[in-house]
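> Hey, dropping model35.txt in here, compact mmCIF, N, CA and C atoms and all ligand atoms:
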```
# COMPACT_ATOMS: atom_id res chain seq x y z
N MET A 1 93.23 375.48 -0.26
CA MET A 1 93.01 375.50 -1.69
C MET A 1 94.17 374.82 -2.39
N ALA A 2 93.90 373.78 -3.13
CA ALA A 2 94.96 373.10 -3.86
C ALA A 2 94.97 373.60 -5.29
N GLU A 3 96.08 374.01 -5.76
CA GLU A 3 96.21 374.48 -7.13
C GLU A 3 97.39 373.75 -7.77
N THR A 4 97.33 373.65 -9.10
CA THR A 4 98.41 372.98 -9.79
C THR A 4 99.64 373.87 -9.81
N ASP A 5 100.83 373.28 -9.87
CA ASP A 5 102.07 374.03 -9.87
C ASP A 5 102.36 374.65 -11.23
N GLU A 6 102.11 373.88 -12.28
CA GLU A 6 102.41 374.38 -13.62
C GLU A 6 101.14 374.97 -14.22
N ARG A 7 101.32 375.83 -15.23
CA ARG A 7 100.14 376.41 -15.87
C ARG A 7 99.37 375.35 -16.61
N THR A 8 98.07 375.42 -16.48
CA THR A 8 97.22 374.41 -17.08
C THR A 8 96.88 374.79 -18.52
N LEU A 9 96.35 373.81 -19.24
CA LEU A 9 95.87 374.06 -20.60
C LEU A 9 94.91 375.25 -20.62
N PHE A 10 94.01 375.30 -19.65
CA PHE A 10 93.02 376.38 -19.68
C PHE A 10 93.64 377.72 -19.30
N GLN A 11 94.69 377.73 -18.49
CA GLN A 11 95.39 379.01 -18.25
C GLN A 11 96.04 379.49 -19.55
N LYS A 12 96.60 378.57 -20.32
CA LYS A 12 97.23 378.96 -21.59
C LYS A 12 96.20 379.49 -22.57
N ILE A 13 95.00 378.90 -22.55
CA ILE A 13 93.92 379.43 -23.40
C ILE A 13 93.52 380.81 -22.90
N HIS A 14 93.38 380.95 -21.59
CA HIS A 14 93.01 382.26 -21.02
C HIS A 14 94.02 383.33 -21.43
N ASP A 15 95.30 382.96 -21.44
CA ASP A 15 96.36 383.92 -21.74
C ASP A 15 96.60 384.11 -23.24
N GLY A 16 95.81 383.41 -24.06
CA GLY A 16 95.90 383.59 -25.51
C GLY A 16 97.00 382.81 -26.18
N GLU A 17 97.64 381.90 -25.44
CA GLU A 17 98.73 381.12 -26.03
C GLU A 17 98.21 379.95 -26.85
N ILE A 18 97.02 379.49 -26.51
CA ILE A 18 96.35 378.43 -27.28
C ILE A 18 95.01 379.02 -27.70
N PRO A 19 94.69 378.95 -29.01
CA PRO A 19 93.47 379.59 -29.47
C PRO A 19 92.21 378.84 -29.04
N ALA A 20 91.16 379.59 -28.79
CA ALA A 20 89.84 379.01 -28.50
C ALA A 20 88.83 380.11 -28.76
N GLU A 21 87.60 379.71 -29.04
CA GLU A 21 86.55 380.72 -29.22
C GLU A 21 86.08 381.17 -27.84
N MET A 22 86.36 382.41 -27.52
CA MET A 22 86.04 382.97 -26.19
C MET A 22 84.60 383.48 -26.21
N LEU A 23 83.79 382.99 -25.31
CA LEU A 23 82.37 383.37 -25.26
C LEU A 23 82.08 384.35 -24.14
N HIS A 24 82.96 384.39 -23.16
CA HIS A 24 82.77 385.28 -22.00
C HIS A 24 84.14 385.42 -21.33
N ARG A 25 84.35 386.62 -20.77
CA ARG A 25 85.60 386.82 -20.02
C ARG A 25 85.34 387.89 -18.97
N ASP A 26 85.66 387.59 -17.72
CA ASP A 26 85.67 388.63 -16.70
C ASP A 26 86.85 388.35 -15.79
N ASP A 27 86.92 389.07 -14.66
CA ASP A 27 88.13 388.93 -13.84
C ASP A 27 88.19 387.61 -13.10
N ARG A 28 87.07 386.88 -13.00
CA ARG A 28 87.06 385.62 -12.25
C ARG A 28 86.85 384.38 -13.10
N ALA A 29 86.26 384.56 -14.28
CA ALA A 29 85.89 383.38 -15.08
C ALA A 29 85.90 383.70 -16.56
N PHE A 30 86.00 382.65 -17.35
CA PHE A 30 85.87 382.80 -18.80
C PHE A 30 85.16 381.57 -19.36
N ALA A 31 84.64 381.71 -20.56
CA ALA A 31 83.91 380.59 -21.19
C ALA A 31 84.41 380.43 -22.61
N ILE A 32 84.62 379.17 -22.99
CA ILE A 32 85.12 378.85 -24.34
C ILE A 32 84.29 377.72 -24.92
N ARG A 33 84.24 377.65 -26.23
CA ARG A 33 83.62 376.49 -26.86
C ARG A 33 84.54 375.29 -26.70
N ASP A 34 83.92 374.14 -26.44
CA ASP A 34 84.71 372.91 -26.32
C ASP A 34 85.23 372.49 -27.70
N ILE A 35 86.46 372.04 -27.74
CA ILE A 35 87.11 371.67 -29.00
C ILE A 35 86.52 370.37 -29.58
N ASN A 36 85.90 369.59 -28.73
CA ASN A 36 85.33 368.29 -29.15
C ASN A 36 83.89 368.22 -28.66
N PRO A 37 83.00 368.97 -29.30
CA PRO A 37 81.64 369.13 -28.76
C PRO A 37 80.84 367.83 -28.74
N GLN A 38 80.15 367.63 -27.63
CA GLN A 38 79.32 366.45 -27.44
C GLN A 38 77.83 366.75 -27.64
N ALA A 39 77.55 367.94 -28.10
CA ALA A 39 76.19 368.38 -28.42
C ALA A 39 76.33 369.53 -29.39
N PRO A 40 75.25 369.92 -30.08
CA PRO A 40 75.37 371.04 -31.04
C PRO A 40 75.98 372.29 -30.40
N THR A 41 75.64 372.54 -29.14
CA THR A 41 76.32 373.60 -28.38
C THR A 41 76.97 372.97 -27.17
N HIS A 42 78.27 373.20 -27.01
CA HIS A 42 79.01 372.65 -25.87
C HIS A 42 80.11 373.65 -25.54
N PHE A 43 79.97 374.27 -24.36
CA PHE A 43 81.01 375.20 -23.95
C PHE A 43 81.42 374.91 -22.51
N LEU A 44 82.53 375.50 -22.12
CA LEU A 44 83.11 375.29 -20.79
C LEU A 44 83.20 376.63 -20.08
N VAL A 45 82.80 376.65 -18.81
CA VAL A 45 82.98 377.84 -17.97
C VAL A 45 84.08 377.51 -16.97
N ILE A 46 85.07 378.37 -16.90
CA ILE A 46 86.34 378.04 -16.23
C ILE A 46 86.74 379.19 -15.31
N PRO A 47 87.09 378.90 -14.08
CA PRO A 47 87.61 379.98 -13.23
C PRO A 47 89.01 380.39 -13.68
N VAL A 48 89.31 381.68 -13.60
CA VAL A 48 90.66 382.14 -13.96
C VAL A 48 91.68 381.48 -13.04
N ARG A 49 91.34 381.41 -11.75
CA ARG A 49 92.25 380.76 -10.79
C ARG A 49 92.19 379.25 -11.01
N PRO A 50 93.35 378.61 -11.12
CA PRO A 50 93.35 377.20 -11.52
C PRO A 50 93.05 376.21 -10.39
N LEU A 51 91.92 376.38 -9.79
CA LEU A 51 91.42 375.38 -8.85
C LEU A 51 91.34 374.05 -9.61
N ALA A 52 91.94 373.01 -9.06
CA ALA A 52 92.10 371.79 -9.87
C ALA A 52 90.77 371.11 -10.17
N ARG A 53 89.93 371.00 -9.16
CA ARG A 53 88.64 370.29 -9.36
C ARG A 53 87.72 370.64 -8.22
N LEU A 54 86.44 370.31 -8.39
CA LEU A 54 85.44 370.68 -7.39
C LEU A 54 85.81 370.17 -6.00
N GLU A 55 86.38 368.99 -5.97
CA GLU A 55 86.78 368.37 -4.71
C GLU A 55 87.72 369.26 -3.89
N GLU A 56 88.47 370.13 -4.56
CA GLU A 56 89.44 370.99 -3.88
C GLU A 56 88.82 372.30 -3.40
N ALA A 57 87.57 372.54 -3.76
CA ALA A 57 86.95 373.82 -3.39
C ALA A 57 86.70 373.88 -1.90
N GLU A 58 86.76 375.11 -1.39
CA GLU A 58 86.52 375.34 0.03
C GLU A 58 85.37 376.33 0.19
N GLU A 59 84.99 376.52 1.45
CA GLU A 59 83.89 377.45 1.74
C GLU A 59 84.15 378.82 1.12
N ALA A 60 85.41 379.25 1.14
CA ALA A 60 85.76 380.56 0.60
C ALA A 60 85.55 380.64 -0.91
N ASP A 61 85.36 379.51 -1.56
CA ASP A 61 85.16 379.48 -3.01
C ASP A 61 83.68 379.52 -3.38
N ALA A 62 82.81 379.66 -2.39
CA ALA A 62 81.37 379.59 -2.66
C ALA A 62 80.93 380.65 -3.68
N ASP A 63 81.41 381.87 -3.53
CA ASP A 63 81.02 382.92 -4.48
C ASP A 63 81.50 382.59 -5.89
N LEU A 64 82.72 382.10 -5.97
CA LEU A 64 83.27 381.76 -7.28
C LEU A 64 82.45 380.65 -7.93
N LEU A 65 82.11 379.63 -7.16
CA LEU A 65 81.33 378.52 -7.73
C LEU A 65 79.98 379.01 -8.20
N GLY A 66 79.36 379.89 -7.42
CA GLY A 66 78.08 380.46 -7.85
C GLY A 66 78.25 381.29 -9.11
N HIS A 67 79.33 382.01 -9.18
CA HIS A 67 79.59 382.84 -10.36
C HIS A 67 79.71 381.97 -11.62
N LEU A 68 80.37 380.84 -11.50
CA LEU A 68 80.51 379.96 -12.68
C LEU A 68 79.14 379.54 -13.20
N LEU A 69 78.22 379.25 -12.30
CA LEU A 69 76.88 378.84 -12.74
C LEU A 69 76.12 380.00 -13.36
N LEU A 70 76.31 381.19 -12.82
CA LEU A 70 75.61 382.35 -13.40
C LEU A 70 76.18 382.70 -14.78
N VAL A 71 77.49 382.51 -14.95
CA VAL A 71 78.07 382.71 -16.29
C VAL A 71 77.53 381.64 -17.24
N ALA A 72 77.42 380.40 -16.75
CA ALA A 72 76.86 379.32 -17.58
C ALA A 72 75.47 379.71 -18.07
N ARG A 73 74.65 380.19 -17.15
CA ARG A 73 73.27 380.57 -17.51
C ARG A 73 73.28 381.73 -18.52
N LYS A 74 74.12 382.71 -18.28
CA LYS A 74 74.16 383.88 -19.17
C LYS A 74 74.57 383.47 -20.59
N VAL A 75 75.64 382.70 -20.70
CA VAL A 75 76.13 382.32 -22.03
C VAL A 75 75.12 381.38 -22.71
N ALA A 76 74.52 380.48 -21.94
CA ALA A 76 73.48 379.60 -22.52
C ALA A 76 72.36 380.45 -23.12
N GLY A 77 71.97 381.49 -22.43
CA GLY A 77 70.94 382.38 -22.95
C GLY A 77 71.39 383.08 -24.22
N GLU A 78 72.62 383.56 -24.20
CA GLU A 78 73.15 384.26 -25.38
C GLU A 78 73.24 383.34 -26.59
N LEU A 79 73.46 382.05 -26.33
CA LEU A 79 73.58 381.10 -27.45
C LEU A 79 72.23 380.49 -27.81
N GLY A 80 71.17 380.96 -27.17
CA GLY A 80 69.81 380.56 -27.57
C GLY A 80 69.36 379.20 -27.07
N LEU A 81 69.94 378.76 -25.97
CA LEU A 81 69.55 377.43 -25.46
C LEU A 81 68.27 377.55 -24.63
N ASP A 82 67.21 378.02 -25.29
CA ASP A 82 65.97 378.30 -24.55
C ASP A 82 65.12 377.05 -24.32
N LYS A 83 65.48 375.93 -24.93
CA LYS A 83 64.73 374.69 -24.69
C LYS A 83 65.34 373.86 -23.58
N GLY A 84 66.47 374.31 -23.07
CA GLY A 84 67.12 373.58 -21.99
C GLY A 84 68.60 373.37 -22.25
N PHE A 85 69.30 373.13 -21.20
CA PHE A 85 70.73 372.83 -21.32
C PHE A 85 71.14 372.00 -20.11
N ARG A 86 72.23 371.29 -20.26
CA ARG A 86 72.74 370.44 -19.18
C ARG A 86 74.07 370.99 -18.69
N VAL A 87 74.26 370.95 -17.37
CA VAL A 87 75.48 371.44 -16.74
C VAL A 87 76.16 370.25 -16.07
N VAL A 88 77.44 370.06 -16.37
CA VAL A 88 78.16 368.88 -15.89
C VAL A 88 79.53 369.29 -15.37
N ILE A 89 79.91 368.74 -14.22
CA ILE A 89 81.29 368.85 -13.74
C ILE A 89 81.81 367.44 -13.55
N ASN A 90 82.88 367.10 -14.26
CA ASN A 90 83.51 365.80 -14.08
C ASN A 90 84.61 365.94 -13.03
N ASN A 91 84.40 365.29 -11.90
CA ASN A 91 85.36 365.39 -10.79
C ASN A 91 86.08 364.06 -10.63
N GLY A 92 87.34 364.03 -11.03
CA GLY A 92 88.13 362.80 -10.85
C GLY A 92 88.11 361.92 -12.08
N ARG A 93 89.09 361.05 -12.12
CA ARG A 93 89.31 360.21 -13.30
C ARG A 93 88.11 359.34 -13.63
N GLU A 94 87.51 358.75 -12.63
CA GLU A 94 86.39 357.83 -12.91
C GLU A 94 85.18 358.58 -13.45
N ALA A 95 85.11 359.87 -13.17
CA ALA A 95 84.00 360.68 -13.69
C ALA A 95 84.30 361.23 -15.08
N GLY A 96 85.53 361.01 -15.58
CA GLY A 96 85.87 361.47 -16.92
C GLY A 96 86.67 362.75 -16.95
N GLU A 97 87.15 363.21 -15.79
CA GLU A 97 87.97 364.43 -15.78
C GLU A 97 89.29 364.18 -16.51
N THR A 98 89.59 365.05 -17.48
CA THR A 98 90.86 364.92 -18.22
C THR A 98 91.74 366.15 -18.08
N VAL A 99 91.15 367.29 -17.74
CA VAL A 99 91.94 368.52 -17.56
C VAL A 99 91.84 368.95 -16.09
N PRO A 100 92.97 368.96 -15.37
CA PRO A 100 92.92 369.26 -13.93
C PRO A 100 92.87 370.76 -13.65
N HIS A 101 91.85 371.39 -14.15
CA HIS A 101 91.55 372.81 -13.90
C HIS A 101 90.03 372.89 -14.00
N LEU A 102 89.40 373.15 -12.87
CA LEU A 102 87.94 373.09 -12.78
C LEU A 102 87.27 373.72 -14.00
N HIS A 103 86.27 373.06 -14.52
CA HIS A 103 85.49 373.60 -15.64
C HIS A 103 84.09 373.02 -15.58
N VAL A 104 83.15 373.87 -15.91
CA VAL A 104 81.74 373.48 -15.94
C VAL A 104 81.37 373.30 -17.41
N HIS A 105 80.96 372.08 -17.78
CA HIS A 105 80.47 371.84 -19.14
C HIS A 105 79.03 372.32 -19.24
N VAL A 106 78.70 372.96 -20.33
CA VAL A 106 77.30 373.29 -20.62
C VAL A 106 77.00 372.75 -22.01
N LEU A 107 75.97 371.90 -22.07
CA LEU A 107 75.62 371.23 -23.33
C LEU A 107 74.16 371.49 -23.64
N GLY A 108 73.89 371.72 -24.93
CA GLY A 108 72.50 371.93 -25.32
C GLY A 108 72.35 371.84 -26.83
N GLY A 109 71.11 372.03 -27.27
CA GLY A 109 70.83 372.01 -28.71
C GLY A 109 70.36 370.67 -29.21
N ARG A 110 70.16 369.73 -28.28
CA ARG A 110 69.57 368.43 -28.64
C ARG A 110 68.93 367.85 -27.40
N PRO A 111 67.96 366.92 -27.56
CA PRO A 111 67.40 366.27 -26.37
C PRO A 111 68.48 365.45 -25.66
N MET A 112 68.47 365.47 -24.35
CA MET A 112 69.43 364.72 -23.54
C MET A 112 68.75 363.49 -22.94
N THR A 113 69.52 362.45 -22.75
CA THR A 113 68.99 361.26 -22.09
C THR A 113 69.47 361.23 -20.64
N TRP A 114 68.77 360.42 -19.84
CA TRP A 114 69.13 360.26 -18.45
C TRP A 114 68.93 358.80 -18.06
N PRO A 115 69.82 358.14 -17.33
CA PRO A 115 71.05 358.70 -16.77
C PRO A 115 72.13 358.89 -17.82
N PRO A 116 73.09 359.80 -17.53
CA PRO A 116 74.23 359.96 -18.42
C PRO A 116 75.14 358.74 -18.37
N GLY A 117 75.96 358.56 -19.34
CA GLY A 117 76.83 357.38 -19.39
C GLY A 117 77.96 357.45 -18.41
P1 LIG A 201 86.92 366.90 -18.82
O1 LIG A 201 87.06 365.62 -19.60
O2 LIG A 201 88.16 367.21 -18.04
O3 LIG A 201 85.66 367.01 -18.02
O4 LIG A 201 86.75 368.03 -19.93
C1 LIG A 201 87.81 368.58 -20.62
C2 LIG A 201 87.22 369.19 -21.87
O5 LIG A 201 88.18 370.06 -22.45
C3 LIG A 201 86.86 368.16 -22.93
O6 LIG A 201 85.48 368.25 -23.24
C4 LIG A 201 87.75 368.53 -24.11
O7 LIG A 201 87.11 368.36 -25.35
C5 LIG A 201 88.07 369.98 -23.84
N1 LIG A 201 89.35 370.38 -24.38
C6 LIG A 201 90.53 369.70 -24.30
N2 LIG A 201 91.51 370.39 -24.91
C7 LIG A 201 90.93 371.53 -25.39
C8 LIG A 201 91.45 372.65 -26.14
O8 LIG A 201 92.62 372.73 -26.47
N3 LIG A 201 90.56 373.62 -26.46
C9 LIG A 201 89.23 373.57 -26.09
N4 LIG A 201 88.44 374.58 -26.48
N5 LIG A 201 88.72 372.52 -25.40
C10 LIG A 201 89.56 371.53 -25.06
```
Using structure tokens, write down the structure from this file.


Amino acid sequence: MAETDERTLFQKIHDGEIPAEMLHRDDRAFAIRDINPQAPTHFLVIPVRPLARLEEAEEADADLLGHLLLVARKVAGELGLDKGFRVVINNGREAGETVPHLHVHVLGGRPMTWPPG
């Protein structure tokens, strides 16, 4: 398991040092609204443990990865995304990853196009 040495932006948000709208919190994951939303509803589901990116995940992380998706589904339901929502993980620079702490984007509230840019 590769983890970052210094505390990440999302760890600071988790610890309350940087404000964010918290949508969910448990011992393994939390969800916040994205500061720069790309859809009417855009939130991030983040593991408490600062796994850098999906590429670093191991077999032992299977439960955690599943948990992130179940939290995504739960919060999407709570926010009324009953017409659909999109789940995105940007892995690596070319995919658009800017924060090296795994996070699942959930976007909804408007029709989505395919393929994504
Ligand atoms: P990435 O580009 O790594 O896939 O996604 C990082 C996301 O984090 C971006 O959508 C960006 O808007 C969001 N983000 C960056 N800084 C902050 C912040 O301070 N607060 C919140 N709530 N979101 C942030």

> Just give me the gap between atom CA of A:Val106 and atom C3 of ligand LIG 201 (chain A) in Å, one decimal is fine.

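Between atom CA of A:Val106 and atom C3 of ligand LIG 201 (chain A) the gap works out to 11.1 Å.
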
> I'd like to know which of A:Ile32, A:Ala39, A:Leu70, A:Val87 is closest to ligand LIG 201 (chain A), using all atoms listed in the file.

A:Ile32

> If DSSP is run on the backbone, what residues of chain A are strand (DSSP E)? A reply as JSON, numbers by chain would be ideal.

{"A": [22, 23, 24, 25, 29, 30, 31, 32, 33, 41, 42, 43, 44, 45, 46, 47, 85, 86, 87, 88, 104, 105, 106, 107, 108]}

> List every residue of stretch 14-109 of chain A that DSSP, applied to the backbone, labels as alpha helix (DSSP H), and write the result as a list in words.

His14, Ala62, Asp63, Leu64, Leu65, Gly66, His67, Leu68, Leu69, Leu70, Val71, Ala72, Arg73, Lys74, Val75, Ala76, Gly77 and Glu78 of chain A

> Considering only N, CA and C atoms and all ligand atoms, can you say which of A:Gly80, A:Gly66, A:Gly108, A:Pro37 comes closest to ligand LIG 201 (chain A)?

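So, comparing all the options, the nearest one is A:Pro37.
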
> Could you list, as a list in words, all the residues within 5 Å of ligand LIG 201 (chain A), counting all atoms listed in the file?

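The residues near ligand LIG 201 (chain A) are Arg33, Asp34, Ile35, Asn36, Asn90, Gly96, Glu97, Thr98 and Val99 of chain A.
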
> Could you check the closest approach to A:Val104 for each of A:Val45, A:Ala72, A:Ala20, A:Leu79 and tell me which residue wins, using all atoms listed in the file?

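When distances to A:Val104 are compared using all atoms listed in the file, the smallest one comes from A:Val45.
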
> Expressed in Å to a single decimal, how great is the separation between atom CA of A:Asp26 and atom CA of A:Thr41?

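It comes out at 21.2 Å.
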
> Between atom CA of A:Thr8 and atom C of A:Gly84, what distance in Å does the model show, to one decimal?

29.1 Å

> Quick one: 5 Å padding each side, axis-aligned, all listed atoms of stretch 37-47 of chain A - centre and edge lengths in Å to one decimal, as lines of an AutoDock Vina configuration file?


```
center_x = 82.1
center_y = 373.4
center_z = -22.1
size_x = 23.8
size_y = 23.9
size_z = 27.8
```

> Near A:Thr113, within 12 Å and counting only C-alpha atoms, which residues show up once chain neighbours fewer than 3 positions away are dropped, as a ChimeraX atom specification?

/A:39,85-86,108,110,116-117

> Closest to A:Ile89 among A:His67, A:Trp114, A:Ala62, A:Leu54, using all atoms listed in the file?

A:Leu54
